[in-house]
Amino acid sequence: MCTDKTVGILQEAGFKGESLREAWAIVMRESRGHQGAISPTNDYGLFQMNRAAHHKSPWWDDKKLLKADYNAAFAYHMSQGGKNWSSWDIGPNGEHLARWSPKSVYDKFLYWLKRYPC
């Protein structure tokens, strides 16, 4: 049984198997698991939802996005159940899409992917 709190939050949102491992690595890359994280570029919560890209979406709520369960649930929806990580610049085979992030950001994803705690 895994005791990592972030893994538990992601499981509750619906992630399982490889998508759980990938989701955890993205969360660690993006916020280091801090649900209340807001970046200097106004990215919110665990998955660092981008305010500039999504603030007009009906699901955008500054306060709710800083709650782990809401942020993870929306990331589950946005990633089509952990099958599409393109919003985080990761392709269907786990490759770096390089659309808006440098390789160093992708390398952080790989770093955390290897350290999945469960």
# chains A, B, ... in the order shown; residues from 1 in each chain; ligands from 1
call {"tool": "select_by_dssp", "arguments": {"residues": "range 54-105 of chain A", "states": "helix (DSSP H, G or I)", "output": "PyMOL selection string"}}
result
chain A and resi 54+62-65+68-78+86-88+103-105
call {"tool": "residues_around", "arguments": {"residues": "Lys63 in chain A", "least_positions_apart": "3", "cutoff": "10 Å", "atoms": "only C-alpha atoms", "output": "PyMOL selection string"}}
result
chain A and resi 36+44-45+60+66-67+70
call {"tool": "residues_around", "arguments": {"residues": "Ala52 in chain A", "least_positions_apart": "6", "cutoff": "10 Å", "atoms": "only C-alpha atoms", "output": "short mmCIF file (atom, residue, chain, number, x, y, z; two decimals) with C-alpha atoms, in the first residue's frame"}}
result
data_model
loop_
_atom_site.label_atom_id
_atom_site.label_comp_id
_atom_site.auth_asym_id
_atom_site.auth_seq_id
_atom_site.Cartn_x
_atom_site.Cartn_y
_atom_site.Cartn_z
CA THR A 41 3.29 33.25 -14.44
CA ASN A 42 -0.03 32.57 -12.66
CA ASP A 43 -0.15 28.80 -12.98
#
call {"tool": "residues_around", "arguments": {"residues": "range 19-35 of chain A", "least_positions_apart": "5", "cutoff": "9 Å", "atoms": "only C-alpha atoms", "output": "PyMOL selection string"}}
result
chain A and resi 5-7+10-11+14+44-48+65-69+71-72+75-76+81-83+85+88+94+105-106+108-118
call {"tool": "closest_residue", "arguments": {"among": "A:Asp4, A:Pro92, A:Ser39, A:Phe15", "to": "His77 in chain A", "atoms": "only C-alpha atoms"}}
result
A:Phe15
call {"tool": "atom_distance", "arguments": {"atom1": "CA of Ser86 in chain A", "atom2": "CA of Trp59 in chain A"}}
result
18.8 Å
call {"tool": "decode", "arguments": {"residues": "range 30-64 of chain A", "atoms": "N, CA, C and O atoms", "output": "compact mmCIF listing (two decimals), in the first residue's frame"}}
result
# COMPACT_ATOMS: atom_id res chain seq x y z
N GLU A 30 5.75 20.12 -11.69
CA GLU A 30 5.06 21.40 -11.74
C GLU A 30 5.00 22.13 -10.41
O GLU A 30 5.19 23.34 -10.36
N SER A 31 4.69 21.41 -9.33
CA SER A 31 4.43 22.08 -8.05
C SER A 31 5.10 21.43 -6.85
O SER A 31 4.91 21.89 -5.74
N ARG A 32 5.83 20.35 -7.11
CA ARG A 32 6.42 19.54 -6.03
C ARG A 32 5.36 19.06 -5.04
O ARG A 32 5.63 18.85 -3.87
N GLY A 33 4.13 18.93 -5.52
CA GLY A 33 3.06 18.41 -4.69
C GLY A 33 2.39 19.43 -3.80
O GLY A 33 1.58 19.07 -2.94
N HIS A 34 2.65 20.71 -4.02
CA HIS A 34 2.06 21.77 -3.19
C HIS A 34 0.75 22.24 -3.83
O HIS A 34 0.76 22.91 -4.86
N GLN A 35 -0.35 21.91 -3.19
CA GLN A 35 -1.65 22.22 -3.76
C GLN A 35 -1.90 23.72 -3.89
O GLN A 35 -2.61 24.16 -4.78
N GLY A 36 -1.30 24.52 -3.03
CA GLY A 36 -1.52 25.97 -3.06
C GLY A 36 -0.51 26.74 -3.89
O GLY A 36 -0.46 27.96 -3.82
N ALA A 37 0.24 26.03 -4.71
CA ALA A 37 1.29 26.69 -5.50
C ALA A 37 0.69 27.60 -6.57
O ALA A 37 -0.23 27.23 -7.28
N ILE A 38 1.23 28.82 -6.65
CA ILE A 38 0.92 29.75 -7.73
C ILE A 38 2.27 30.23 -8.25
O ILE A 38 3.07 30.78 -7.51
N SER A 39 2.50 30.01 -9.52
CA SER A 39 3.79 30.38 -10.10
C SER A 39 3.83 31.87 -10.43
O SER A 39 2.78 32.53 -10.46
N PRO A 40 5.01 32.40 -10.71
CA PRO A 40 5.12 33.81 -11.12
C PRO A 40 4.35 34.10 -12.42
O PRO A 40 4.00 35.24 -12.69
N THR A 41 4.05 33.06 -13.20
CA THR A 41 3.29 33.25 -14.44
C THR A 41 1.81 32.89 -14.26
O THR A 41 1.10 32.67 -15.24
N ASN A 42 1.37 32.85 -13.01
CA ASN A 42 -0.03 32.57 -12.66
C ASN A 42 -0.52 31.19 -13.10
O ASN A 42 -1.61 31.04 -13.65
N ASP A 43 0.27 30.18 -12.81
CA ASP A 43 -0.15 28.80 -12.98
C ASP A 43 -0.57 28.31 -11.59
O ASP A 43 0.10 28.60 -10.60
N TYR A 44 -1.68 27.56 -11.53
CA TYR A 44 -2.33 27.26 -10.26
C TYR A 44 -2.33 25.79 -9.87
O TYR A 44 -2.65 24.92 -10.67
N GLY A 45 -2.01 25.55 -8.60
CA GLY A 45 -2.22 24.25 -7.97
C GLY A 45 -1.26 23.15 -8.36
O GLY A 45 -0.19 23.38 -8.91
N LEU A 46 -1.66 21.93 -8.02
CA LEU A 46 -0.81 20.75 -8.22
C LEU A 46 -0.29 20.64 -9.64
O LEU A 46 0.90 20.44 -9.86
N PHE A 47 -1.19 20.75 -10.60
CA PHE A 47 -0.82 20.56 -12.00
C PHE A 47 -0.45 21.87 -12.69
O PHE A 47 -0.17 21.88 -13.88
N GLN A 48 -0.47 22.97 -11.94
CA GLN A 48 -0.11 24.29 -12.47
C GLN A 48 -0.92 24.65 -13.71
O GLN A 48 -0.40 24.90 -14.80
N MET A 49 -2.23 24.69 -13.53
CA MET A 49 -3.14 25.10 -14.60
C MET A 49 -2.82 26.55 -14.98
O MET A 49 -2.73 27.41 -14.10
N ASN A 50 -2.70 26.80 -16.26
CA ASN A 50 -2.27 28.11 -16.74
C ASN A 50 -3.43 29.09 -16.84
O ASN A 50 -4.36 28.90 -17.61
N ARG A 51 -3.35 30.15 -16.03
CA ARG A 51 -4.41 31.15 -15.97
C ARG A 51 -4.61 31.85 -17.31
O ARG A 51 -5.74 32.05 -17.75
N ALA A 52 -3.54 32.25 -17.96
CA ALA A 52 -3.66 32.97 -19.23
C ALA A 52 -4.40 32.15 -20.28
O ALA A 52 -5.20 32.68 -21.05
N ALA A 53 -4.15 30.86 -20.30
CA ALA A 53 -4.77 29.99 -21.31
C ALA A 53 -6.20 29.61 -20.97
O ALA A 53 -7.01 29.37 -21.87
N HIS A 54 -6.53 29.56 -19.67
CA HIS A 54 -7.81 28.94 -19.29
C HIS A 54 -8.74 29.79 -18.43
O HIS A 54 -9.83 29.33 -18.10
N HIS A 55 -8.36 31.02 -18.07
CA HIS A 55 -9.15 31.77 -17.08
C HIS A 55 -10.59 32.06 -17.52
O HIS A 55 -11.44 32.32 -16.68
N LYS A 56 -10.88 31.97 -18.80
CA LYS A 56 -12.25 32.20 -19.26
C LYS A 56 -13.06 30.90 -19.36
O LYS A 56 -14.25 30.93 -19.67
N SER A 57 -12.43 29.79 -19.07
CA SER A 57 -13.12 28.50 -19.11
C SER A 57 -14.10 28.40 -17.95
O SER A 57 -13.83 28.94 -16.86
N PRO A 58 -15.21 27.71 -18.14
CA PRO A 58 -16.21 27.63 -17.07
C PRO A 58 -15.70 26.94 -15.80
O PRO A 58 -16.21 27.19 -14.72
N TRP A 59 -14.70 26.11 -15.91
CA TRP A 59 -14.17 25.39 -14.75
C TRP A 59 -13.15 26.21 -13.97
O TRP A 59 -12.77 25.82 -12.87
N TRP A 60 -12.69 27.34 -14.53
CA TRP A 60 -11.64 28.11 -13.85
C TRP A 60 -12.20 28.77 -12.60
O TRP A 60 -13.18 29.51 -12.65
N ASP A 61 -11.57 28.50 -11.48
CA ASP A 61 -11.91 29.11 -10.20
C ASP A 61 -10.63 29.18 -9.39
O ASP A 61 -10.09 28.14 -9.00
N ASP A 62 -10.14 30.40 -9.16
CA ASP A 62 -8.85 30.59 -8.48
C ASP A 62 -8.77 29.79 -7.18
O ASP A 62 -7.77 29.13 -6.92
N LYS A 63 -9.80 29.87 -6.37
CA LYS A 63 -9.78 29.20 -5.06
C LYS A 63 -9.86 27.68 -5.19
O LYS A 63 -9.12 26.96 -4.52
N LYS A 64 -10.76 27.19 -6.03
CA LYS A 64 -10.92 25.74 -6.17
C LYS A 64 -9.67 25.10 -6.77
O LYS A 64 -9.31 23.98 -6.40
